[in-house]
>>> print(open('structure-v2.csv').read())   # CSV, C-alpha atoms and all ligand atoms
chain,number,residue,atom,x,y,z
A,20,MET,CA,0.0,0.0,0.0
A,21,SER,CA,1.7,3.3,-1.0
A,22,GLN,CA,1.0,6.4,0.9
A,23,ASP,CA,-0.5,9.3,-1.0
A,24,LEU,CA,2.5,11.8,-0.6
A,25,ILE,CA,3.3,14.7,-2.9
A,26,TYR,CA,6.8,15.3,-1.4
A,27,ARG,CA,9.1,12.5,-0.7
A,28,PRO,CA,12.4,14.1,0.3
A,29,ARG,CA,14.1,10.7,0.1
A,30,ARG,CA,13.8,10.9,-3.7
A,31,LEU,CA,16.8,13.2,-3.7
A,32,ARG,CA,18.8,11.0,-1.4
A,33,ARG,CA,18.5,7.8,-3.5
A,34,THR,CA,21.9,7.7,-5.2
A,35,GLU,CA,25.3,9.3,-4.7
A,36,ALA,CA,24.9,11.3,-7.8
A,37,LEU,CA,21.6,12.8,-6.7
A,38,ARG,CA,23.0,13.6,-3.3
A,39,GLN,CA,26.0,15.4,-4.9
A,40,LEU,CA,23.7,17.3,-7.1
A,41,VAL,CA,21.7,18.8,-4.3
A,42,GLN,CA,24.5,19.2,-1.8
A,43,GLU,CA,24.3,22.7,-0.3
A,44,THR,CA,27.7,23.1,1.3
A,45,GLN,CA,31.1,22.1,0.3
A,46,LEU,CA,34.4,21.8,2.1
A,47,ARG,CA,37.2,23.0,-0.1
A,48,VAL,CA,41.0,23.0,0.4
A,49,GLN,CA,40.9,26.6,-0.7
A,50,ASP,CA,39.0,27.5,2.5
A,51,LEU,CA,41.7,26.3,4.9
A,52,ILE,CA,44.4,28.0,6.9
A,53,TYR,CA,47.0,25.7,8.4
A,54,PRO,CA,48.3,26.7,11.9
A,55,LEU,CA,51.9,25.8,12.6
A,56,PHE,CA,54.1,25.9,15.7
A,57,VAL,CA,57.7,27.1,15.3
A,58,LEU,CA,60.7,26.9,17.6
A,59,GLU,CA,64.3,27.9,17.6
A,60,GLY,CA,67.1,25.6,16.4
A,61,GLU,CA,67.7,23.3,13.5
A,62,ASN,CA,66.4,20.0,12.4
A,63,GLN,CA,63.8,20.0,15.2
A,64,ARG,CA,60.4,18.4,14.9
A,65,GLN,CA,58.7,17.8,18.2
A,66,GLU,CA,55.3,16.2,18.4
A,67,VAL,CA,52.8,18.1,20.6
A,68,GLU,CA,51.8,15.4,23.1
A,69,SER,CA,48.2,16.5,23.4
A,70,MET,CA,47.9,17.0,19.6
A,71,PRO,CA,49.0,13.8,17.9
A,72,GLY,CA,50.1,14.6,14.3
A,73,CYS,CA,51.0,18.2,15.1
A,74,TYR,CA,54.6,19.3,15.5
A,75,ARG,CA,56.7,22.2,16.6
A,76,TYR,CA,59.1,22.8,13.7
A,77,SER,CA,62.5,24.6,13.5
A,78,LEU,CA,62.6,27.0,10.6
A,79,ASP,CA,64.4,24.6,8.2
A,80,LEU,CA,61.8,21.9,8.7
A,81,LEU,CA,59.0,24.4,8.8
A,82,LEU,CA,59.9,25.4,5.2
A,83,LYS,CA,59.4,21.8,4.1
A,84,GLU,CA,56.0,21.6,5.9
A,85,VAL,CA,54.9,24.8,4.3
A,86,GLU,CA,56.1,23.7,0.9
A,87,GLU,CA,54.0,20.5,1.3
A,88,ALA,CA,51.0,22.5,2.3
A,89,ALA,CA,51.4,24.7,-0.7
A,90,GLN,CA,51.6,21.7,-3.0
A,91,LEU,CA,48.4,20.4,-1.5
A,92,GLY,CA,46.7,23.6,-2.5
A,93,ILE,CA,46.4,25.0,1.1
A,94,PRO,CA,46.3,28.8,0.5
A,95,ALA,CA,47.6,30.0,3.9
A,96,VAL,CA,49.6,29.1,7.0
A,97,ALA,CA,49.3,30.7,10.4
A,98,LEU,CA,52.4,30.8,12.6
A,99,PHE,CA,52.7,30.6,16.4
A,100,PRO,CA,56.1,30.7,18.1
A,101,VAL,CA,57.6,28.8,21.0
A,102,VAL,CA,59.6,31.6,22.8
A,103,PRO,CA,62.4,30.5,25.1
A,104,GLU,CA,61.7,31.6,28.7
A,105,GLU,CA,64.8,33.9,28.8
A,106,LYS,CA,63.3,36.0,26.0
A,107,LYS,CA,60.1,36.6,27.9
A,108,ASP,CA,59.5,39.7,30.0
A,109,PRO,CA,56.5,41.5,31.4
A,110,THR,CA,56.0,43.7,28.3
A,111,GLY,CA,56.6,40.9,25.7
A,112,ARG,CA,59.0,43.2,23.8
A,113,GLU,CA,60.5,40.2,21.9
A,114,CYS,CA,57.3,40.3,19.8
A,115,PHE,CA,58.6,43.2,17.8
A,116,ASN,CA,62.2,42.2,17.5
A,117,PRO,CA,63.0,42.5,13.8
A,118,GLU,CA,65.2,39.4,14.1
A,119,GLY,CA,62.7,37.5,16.2
A,120,LEU,CA,61.6,33.9,15.4
A,121,ILE,CA,58.4,34.8,13.7
A,122,GLN,CA,59.9,37.6,11.7
A,123,ARG,CA,62.7,35.3,10.4
A,124,CYS,CA,60.1,32.6,9.6
A,125,VAL,CA,57.9,35.1,7.6
A,126,ARG,CA,60.9,36.4,5.6
A,127,ARG,CA,62.1,32.9,4.7
A,128,ILE,CA,58.7,31.6,3.7
A,129,LYS,CA,57.9,34.7,1.6
A,130,GLN,CA,61.4,34.3,-0.1
A,131,GLU,CA,61.1,30.6,-0.8
A,132,ILE,CA,57.4,29.9,-1.1
A,133,PRO,CA,55.9,33.2,-2.1
A,134,GLU,CA,52.6,31.8,-3.3
A,135,ILE,CA,51.4,30.8,0.1
A,136,LEU,CA,49.8,33.4,2.3
A,137,VAL,CA,51.3,33.9,5.8
A,138,VAL,CA,49.1,34.8,8.7
A,139,THR,CA,50.8,36.1,11.9
A,140,ASP,CA,49.2,36.2,15.3
A,141,VAL,CA,49.2,39.5,17.1
A,142,ALA,CA,49.1,39.0,20.9
A,143,LEU,CA,51.6,38.9,23.7
A,144,ASP,CA,51.0,35.6,25.3
A,145,PRO,CA,53.9,33.6,23.8
A,146,TYR,CA,56.3,36.5,24.7
A,147,ASN,CA,54.9,37.7,28.0
A,148,SER,CA,56.4,36.3,31.2
A,149,ASP,CA,52.9,36.4,32.7
A,150,GLY,CA,51.5,34.2,29.9
A,151,HIS,CA,48.8,36.8,29.2
A,152,ASP,CA,47.8,38.4,25.9
A,153,GLY,CA,48.4,41.8,27.4
A,154,ILE,CA,50.7,43.5,29.9
A,155,VAL,CA,49.8,42.7,33.5
A,156,ARG,CA,50.1,45.2,36.4
A,157,ASP,CA,48.8,44.4,39.9
A,158,GLY,CA,46.8,41.5,38.4
A,159,VAL,CA,45.1,43.7,35.9
A,160,ILE,CA,45.5,43.4,32.1
A,161,LEU,CA,46.3,46.9,30.8
A,162,ASN,CA,44.4,47.7,27.6
A,163,ASP,CA,45.9,50.8,26.1
A,164,GLU,CA,49.5,50.1,27.0
A,165,THR,CA,49.1,46.7,25.5
A,166,VAL,CA,47.7,48.1,22.3
A,167,GLU,CA,50.8,50.2,21.8
A,168,ILE,CA,53.0,47.0,21.9
A,169,LEU,CA,50.6,45.2,19.6
A,170,VAL,CA,50.9,47.9,17.1
A,171,LYS,CA,54.7,47.5,17.1
A,172,GLN,CA,54.3,43.8,16.8
A,173,ALA,CA,52.0,44.1,13.8
A,174,LEU,CA,54.3,46.6,12.1
A,175,SER,CA,57.3,44.4,12.6
A,176,GLN,CA,55.4,41.4,11.1
A,177,ALA,CA,54.4,43.6,8.1
A,178,GLU,CA,58.0,44.7,7.7
A,179,ALA,CA,59.0,41.0,7.6
A,180,GLY,CA,56.5,40.5,4.8
A,181,THR,CA,53.4,39.0,6.4
A,182,ASP,CA,50.2,39.0,4.3
A,183,ILE,CA,47.7,39.0,7.1
A,184,VAL,CA,48.0,40.1,10.7
A,185,ALA,CA,45.6,38.3,13.1
A,186,PRO,CA,45.1,40.1,16.4
A,187,SER,CA,44.0,37.4,18.9
A,188,ASP,CA,44.4,39.4,22.0
A,189,MET,CA,40.9,40.8,22.5
A,190,MET,CA,42.1,44.3,23.7
A,191,ASP,CA,39.7,47.1,22.9
A,192,GLY,CA,40.5,49.3,20.0
A,193,ARG,CA,43.4,47.3,18.7
A,194,ILE,CA,42.1,46.8,15.2
A,195,GLY,CA,41.7,50.6,14.6
A,196,ALA,CA,45.2,51.3,16.1
A,197,ILE,CA,46.8,48.6,14.0
A,198,ARG,CA,45.1,49.6,10.8
A,199,GLN,CA,46.1,53.2,11.2
A,200,ALA,CA,49.7,52.3,11.9
A,201,LEU,CA,49.9,49.9,9.0
A,202,ASP,CA,48.5,52.5,6.7
A,203,ASP,CA,50.7,55.3,8.0
A,204,GLN,CA,53.8,53.1,7.3
A,205,GLY,CA,52.6,52.2,3.8
A,206,TYR,CA,51.4,48.7,4.5
A,207,THR,CA,48.0,49.4,3.1
A,208,ASP,CA,47.9,45.9,1.5
A,209,VAL,CA,48.5,44.0,4.7
A,210,ALA,CA,45.0,42.6,5.7
A,211,ILE,CA,43.6,42.2,9.2
A,212,LEU,CA,41.9,39.0,10.2
A,213,ALA,CA,40.3,40.0,13.5
A,214,TYR,CA,39.7,37.4,16.2
A,215,SER,CA,36.4,39.3,16.9
A,216,ALA,CA,34.5,36.8,19.0
A,217,LYS,CA,37.2,35.0,21.0
A,218,TYR,CA,35.8,33.2,24.0
A,219,ALA,CA,37.5,32.4,27.3
A,220,SER,CA,37.5,28.7,26.5
A,221,ALA,CA,38.9,25.6,28.0
A,222,PHE,CA,39.4,24.3,24.4
A,223,TYR,CA,42.7,26.1,24.1
A,224,GLY,CA,44.5,23.8,26.5
A,225,PRO,CA,46.6,21.8,24.0
A,226,PHE,CA,47.7,25.0,22.2
A,227,ARG,CA,49.0,26.4,25.5
A,228,ASP,CA,50.9,23.0,26.0
A,229,ALA,CA,52.4,23.4,22.5
A,230,LEU,CA,53.7,26.9,23.1
A,231,GLY,CA,54.2,26.8,26.9
A,232,SER,CA,52.1,29.9,27.0
A,233,ALA,CA,49.5,29.2,29.7
A,234,PRO,CA,48.8,32.2,32.0
A,235,LYS,CA,51.1,32.0,35.1
A,236,SER,CA,48.2,33.3,37.2
A,237,GLY,CA,44.6,34.1,36.8
A,238,ASP,CA,42.6,33.4,33.7
A,239,LYS,CA,41.7,35.3,30.5
A,240,LYS,CA,38.1,36.2,31.5
A,241,THR,CA,38.7,40.0,31.7
A,242,TYR,CA,39.5,40.1,28.0
A,243,GLN,CA,38.2,37.0,26.3
A,244,MET,CA,34.4,36.6,26.1
A,245,ASP,CA,32.0,34.8,28.3
A,246,PRO,CA,30.8,31.6,26.6
A,247,ALA,CA,27.3,32.5,27.8
A,248,ASN,CA,27.1,35.5,25.5
A,249,ALA,CA,26.1,35.8,21.9
A,250,ARG,CA,24.9,39.4,21.4
A,251,GLU,CA,28.2,40.6,22.7
A,252,ALA,CA,29.9,38.7,19.9
A,253,ILE,CA,27.9,40.8,17.4
A,254,LYS,CA,29.0,43.9,19.2
A,255,GLU,CA,32.6,42.9,19.0
A,256,ALA,CA,32.3,42.0,15.3
A,257,GLU,CA,30.7,45.4,14.5
A,258,LEU,CA,33.4,47.3,16.3
A,259,ASP,CA,36.2,45.4,14.5
A,260,GLU,CA,34.5,46.0,11.2
A,261,ALA,CA,34.1,49.7,12.0
A,262,GLU,CA,37.8,49.9,13.0
A,263,GLY,CA,38.9,48.4,9.7
A,264,ALA,CA,39.0,44.6,10.0
A,265,ASP,CA,39.0,42.8,6.6
A,266,MET,CA,37.8,39.4,8.0
A,267,LEU,CA,36.1,38.4,11.2
A,268,MET,CA,36.9,35.3,13.2
A,269,VAL,CA,35.0,33.2,15.7
A,270,LYS,CA,36.9,31.0,18.1
A,271,PRO,CA,36.5,28.2,19.1
A,272,ALA,CA,34.4,26.9,16.3
A,273,LEU,CA,32.5,23.7,17.0
A,274,ALA,CA,30.8,24.7,20.3
A,275,TYR,CA,30.1,28.2,18.8
A,276,LEU,CA,28.4,27.4,15.5
A,277,ASP,CA,25.5,29.7,16.5
A,278,ILE,CA,28.0,32.6,16.8
A,279,ILE,CA,29.4,31.9,13.4
A,280,TYR,CA,25.9,31.9,12.0
A,281,ARG,CA,24.9,35.1,13.7
A,282,ILE,CA,28.0,37.0,12.7
A,283,LYS,CA,27.7,35.8,9.1
A,284,GLU,CA,24.1,37.1,9.1
A,285,SER,CA,25.2,40.5,10.4
A,286,THR,CA,28.2,41.3,8.2
A,287,ASP,CA,29.3,41.3,4.6
A,288,LEU,CA,32.9,40.6,5.5
A,289,PRO,CA,34.4,37.1,5.1
A,290,VAL,CA,33.9,35.1,8.3
A,291,ALA,CA,36.5,32.7,9.6
A,292,ALA,CA,36.2,29.9,12.2
A,293,TYR,CA,39.1,28.6,14.3
A,294,ASN,CA,38.8,24.9,14.8
A,295,VAL,CA,41.0,25.0,17.9
A,296,SER,CA,43.5,22.7,19.5
A,297,GLY,CA,41.0,21.1,22.0
A,298,GLU,CA,38.6,20.3,19.2
A,299,TYR,CA,41.5,18.6,17.3
A,300,ALA,CA,42.6,16.7,20.4
A,301,MET,CA,39.2,15.3,21.2
A,302,ILE,CA,38.8,13.8,17.8
A,303,LYS,CA,42.3,12.4,17.7
A,304,ALA,CA,42.0,10.9,21.2
A,305,ALA,CA,38.7,9.2,20.5
A,306,GLU,CA,40.0,8.0,17.2
A,307,GLN,CA,43.1,6.5,18.9
A,308,LYS,CA,40.8,4.7,21.3
A,309,GLY,CA,38.9,3.3,18.4
A,310,TRP,CA,35.7,4.9,19.6
A,311,ILE,CA,35.0,7.1,16.6
A,312,ASP,CA,35.9,7.2,12.9
A,313,GLY,CA,38.3,10.1,13.2
A,314,LYS,CA,38.3,11.0,9.5
A,315,LYS,CA,34.5,11.1,9.2
A,316,VAL,CA,34.1,13.1,12.4
A,317,MET,CA,36.7,15.5,11.2
A,318,LEU,CA,35.0,16.1,7.9
A,319,GLU,CA,31.6,16.3,9.4
A,320,SER,CA,32.8,18.9,12.0
A,321,LEU,CA,34.5,21.1,9.4
A,322,LEU,CA,31.5,20.8,7.0
A,323,ALA,CA,29.2,21.9,9.9
A,324,MET,CA,31.4,25.1,10.3
A,325,LYS,CA,30.9,25.9,6.6
A,326,ARG,CA,27.2,25.2,6.9
A,327,ALA,CA,27.0,27.6,9.8
A,328,GLY,CA,28.6,30.3,7.6
A,329,ALA,CA,32.3,30.1,7.9
A,330,ASP,CA,34.1,31.1,4.6
A,331,ILE,CA,37.5,30.2,6.0
A,332,ILE,CA,38.5,27.6,8.6
A,333,LEU,CA,41.8,27.5,10.5
A,334,THR,CA,42.4,23.9,11.3
A,335,TYR,CA,45.2,21.6,12.4
A,336,PHE,CA,43.6,19.1,10.1
A,337,ALA,CA,44.3,21.1,7.0
A,338,LYS,CA,46.8,18.7,5.5
A,339,GLU,CA,44.7,15.6,6.3
A,340,VAL,CA,41.7,17.3,4.7
A,341,ALA,CA,43.6,18.3,1.6
A,342,LEU,CA,44.9,14.7,1.1
A,343,ILE,CA,41.4,13.4,1.4
A,344,LEU,CA,39.8,16.0,-0.9
A,345,LYS,CA,42.6,15.5,-3.5
A,346,ALA,CA,42.2,11.8,-3.6
B,1,LIG,C1,46.7,33.4,22.0
B,1,LIG,C2,46.1,32.4,21.1
B,1,LIG,C3,45.5,31.2,21.7
B,1,LIG,C4,45.1,30.5,20.6
B,1,LIG,C5,45.4,31.2,19.4
B,1,LIG,N1,46.0,32.4,19.8
B,1,LIG,C6,45.3,30.7,23.1
B,1,LIG,C7,44.8,31.6,24.1
B,1,LIG,O1,44.1,32.6,23.9
B,1,LIG,O2,45.0,31.2,25.2
B,1,LIG,C8,44.4,29.1,20.7
B,1,LIG,C9,44.4,28.3,19.5
B,1,LIG,C10,44.0,26.9,19.7
B,1,LIG,O3,43.6,26.5,20.9
B,1,LIG,O4,44.1,26.1,18.8
B,1,LIG,N2,46.5,34.7,21.7
>>> encode(input="structure-v2.csv", output="structure tokens", more="lines below")
Ligand code: PBG
Amino acid sequence: MSQDLIYRPRRLRRTEALRQLVQETQLRVQDLIYPLFVLEGENQRQEVESMPGCYRYSLDLLLKEVEEAAQLGIPAVALFPVVPEEKKDPTGRECFNPEGLIQRCVRRIKQEIPEILVVTDVALDPYNSDGHDGIVRDGVILNDETVEILVKQALSQAEAGTDIVAPSDMMDGRIGAIRQALDDQGYTDVAILAYSAKYASAFYGPFRDALGSAPKSGDKKTYQMDPANAREAIKEAELDEAEGADMLMVKPALAYLDIIYRIKESTDLPVAAYNVSGEYAMIKAAEQKGWIDGKKVMLESLLAMKRAGADIILTYFAKEVALILKA
């Protein structure tokens, strides 16, 4: 006995060809930014314990990894430095050293693999002896004093040849200050990817292990956002856009798909999502236990970020995804 139905949605799910034909969202290698950890030395490649498959590379080996990423069609890499303790101080001044690790990495990558885009993080935490994104005085994170250093950091990255600066610090007014300084110095083509809605999240744990950048005291709740808030994310995104951001980012991604969606609805700028270290670690750990199909969960998670509205995804899975999509 067949039912008298006009619509049978299953008709369009019957074969792989039909499913492909009506697929609304696609994950593309061209959407990905590959975050990489760099450290001093030569011939160094240390696996991050809480991020199996992710490594800290010395510059020589970093170049090989970046070359591989470029060959896979990944359009951009984002660099994060492991800074030796003796180079850290309360102001994080090493961040604008023209011969600093990041500056040297940017120069070499742009010399040897000019086609790949380089994204550099603007924030003090890897450089700051307090492990905070800003300068700490009497337990308080100073906003305007920090912005002055962030401007110097962004300028020194631009001078080294970065394509995109990505302020991840969440200080107020930093996008406007950085845009102004870049323009004044003639770096009008350096783009700003603003971490607009960056939450005070426990999902960053493995990243802080990778860099040794965990706060020495306190937490980041006076500058990163409360996970309970969504309207505040729109406010942050609007401010960054008004101050001159070229792209807006939401971070973390998977637990914040509603934020990605809302920001996408409220702006015409490209929206990025950061599939952060803890999201990566959860999938890898469950896969290693044999509890989930890691590859499928990875692809499903990243597709969900695109469906929510992300144009761009920063992900430690970038190479794995590229290999699968190329196959
Ligand atoms: C620091 C920064 C963090 C991440 C990117 N930039 C950590 C933090 O805010 O403590 C986290 C990325 C990840 O977890 O993958 N400015």
>>> residues_near_point(input="structure-v2.csv", point="(38.8, 29.6, 0.3)", cutoff="6 Å", atoms="all atoms listed in the file", output="list in words")
Gln49, Asp50 and Ile331 of chain A
>>> atom_distance(input="structure-v2.csv", atom1="atom CA of Arg198 of chain A", atom2="atom CA of Leu82 of chain A")
28.9 Å
>>> residues_around(input="structure-v2.csv", residues="Ala264 of chain A", least_positions_apart="3", cutoff="9 Å", atoms="all atoms listed in the file", output="list in words")
Ile194, Gly195, Arg198, Ala210, Ile211, Leu212, Ala213, Ala256, Leu258, Asp259, Glu260, Ala261, Leu267 and Leu288 of chain A
>>> closest_atom_pairs(input="structure-v2.csv", of="chain A", to="ligand LIG 1 (chain B)", cutoff="6 Å", atoms="only C-alpha atoms and all ligand atoms", output="JSON lines")
{"residue": "A:Ala142", "atom": "CA", "partner": "B:LIG1", "partner_atom": "N2", "distance": 5.1}
{"residue": "A:Asp144", "atom": "CA", "partner": "B:LIG1", "partner_atom": "N2", "distance": 5.8}
{"residue": "A:Asp152", "atom": "CA", "partner": "B:LIG1", "partner_atom": "N2", "distance": 5.7}
{"residue": "A:Ser187", "atom": "CA", "partner": "B:LIG1", "partner_atom": "N2", "distance": 4.6}
{"residue": "A:Asp188", "atom": "CA", "partner": "B:LIG1", "partner_atom": "N2", "distance": 5.2}
{"residue": "A:Phe222", "atom": "CA", "partner": "B:LIG1", "partner_atom": "O3", "distance": 5.9}
{"residue": "A:Tyr223", "atom": "CA", "partner": "B:LIG1", "partner_atom": "O3", "distance": 3.3}
{"residue": "A:Phe226", "atom": "CA", "partner": "B:LIG1", "partner_atom": "O3", "distance": 4.6}
{"residue": "A:Val295", "atom": "CA", "partner": "B:LIG1", "partner_atom": "O4", "distance": 3.4}
{"residue": "A:Ser296", "atom": "CA", "partner": "B:LIG1", "partner_atom": "O4", "distance": 3.5}
>>> residues_around(input="structure-v2.csv", residues="Ala323 of chain A", least_positions_apart="6", cutoff="12 Å", atoms="all atoms listed in the file", output="PyMOL selection string")
chain A and resi 43-46+272-277+279-280+292+294+316-317+329-330+332
>>> write_last_selection(input="structure-v2.csv", atoms="C-alpha atoms", output="PDB file, in the coordinates of the input")
ATOM      1  CA  GLU A  43      24.300  22.700  -0.300  1.00  0.00           C
ATOM      2  CA  THR A  44      27.700  23.100   1.300  1.00  0.00           C
ATOM      3  CA  GLN A  45      31.100  22.100   0.300  1.00  0.00           C
ATOM      4  CA  LEU A  46      34.400  21.800   2.100  1.00  0.00           C
ATOM      5  CA  ALA A 272      34.400  26.900  16.300  1.00  0.00           C
ATOM      6  CA  LEU A 273      32.500  23.700  17.000  1.00  0.00           C
ATOM      7  CA  ALA A 274      30.800  24.700  20.300  1.00  0.00           C
ATOM      8  CA  TYR A 275      30.100  28.200  18.800  1.00  0.00           C
ATOM      9  CA  LEU A 276      28.400  27.400  15.500  1.00  0.00           C
ATOM     10  CA  ASP A 277      25.500  29.700  16.500  1.00  0.00           C
ATOM     11  CA  ILE A 279      29.400  31.900  13.400  1.00  0.00           C
ATOM     12  CA  TYR A 280      25.900  31.900  12.000  1.00  0.00           C
ATOM     13  CA  ALA A 292      36.200  29.900  12.200  1.00  0.00           C
ATOM     14  CA  ASN A 294      38.800  24.900  14.800  1.00  0.00           C
ATOM     15  CA  VAL A 316      34.100  13.100  12.400  1.00  0.00           C
ATOM     16  CA  MET A 317      36.700  15.500  11.200  1.00  0.00           C
ATOM     17  CA  ALA A 329      32.300  30.100   7.900  1.00  0.00           C
ATOM     18  CA  ASP A 330      34.100  31.100   4.600  1.00  0.00           C
ATOM     19  CA  ILE A 332      38.500  27.600   8.600  1.00  0.00           C
TER      20      ILE A 332
END
>>> closest_residue(input="structure-v2.csv", among="A:Ile282, A:Ala200, A:Ile128, A:Ile160", to="Gln243 of chain A", atoms="only C-alpha atoms")
A:Ile160
>>> atom_distance(input="structure-v2.csv", atom1="atom CA of Ala177 of chain A", atom2="atom CA of Leu120 of chain A")
14.1 Å
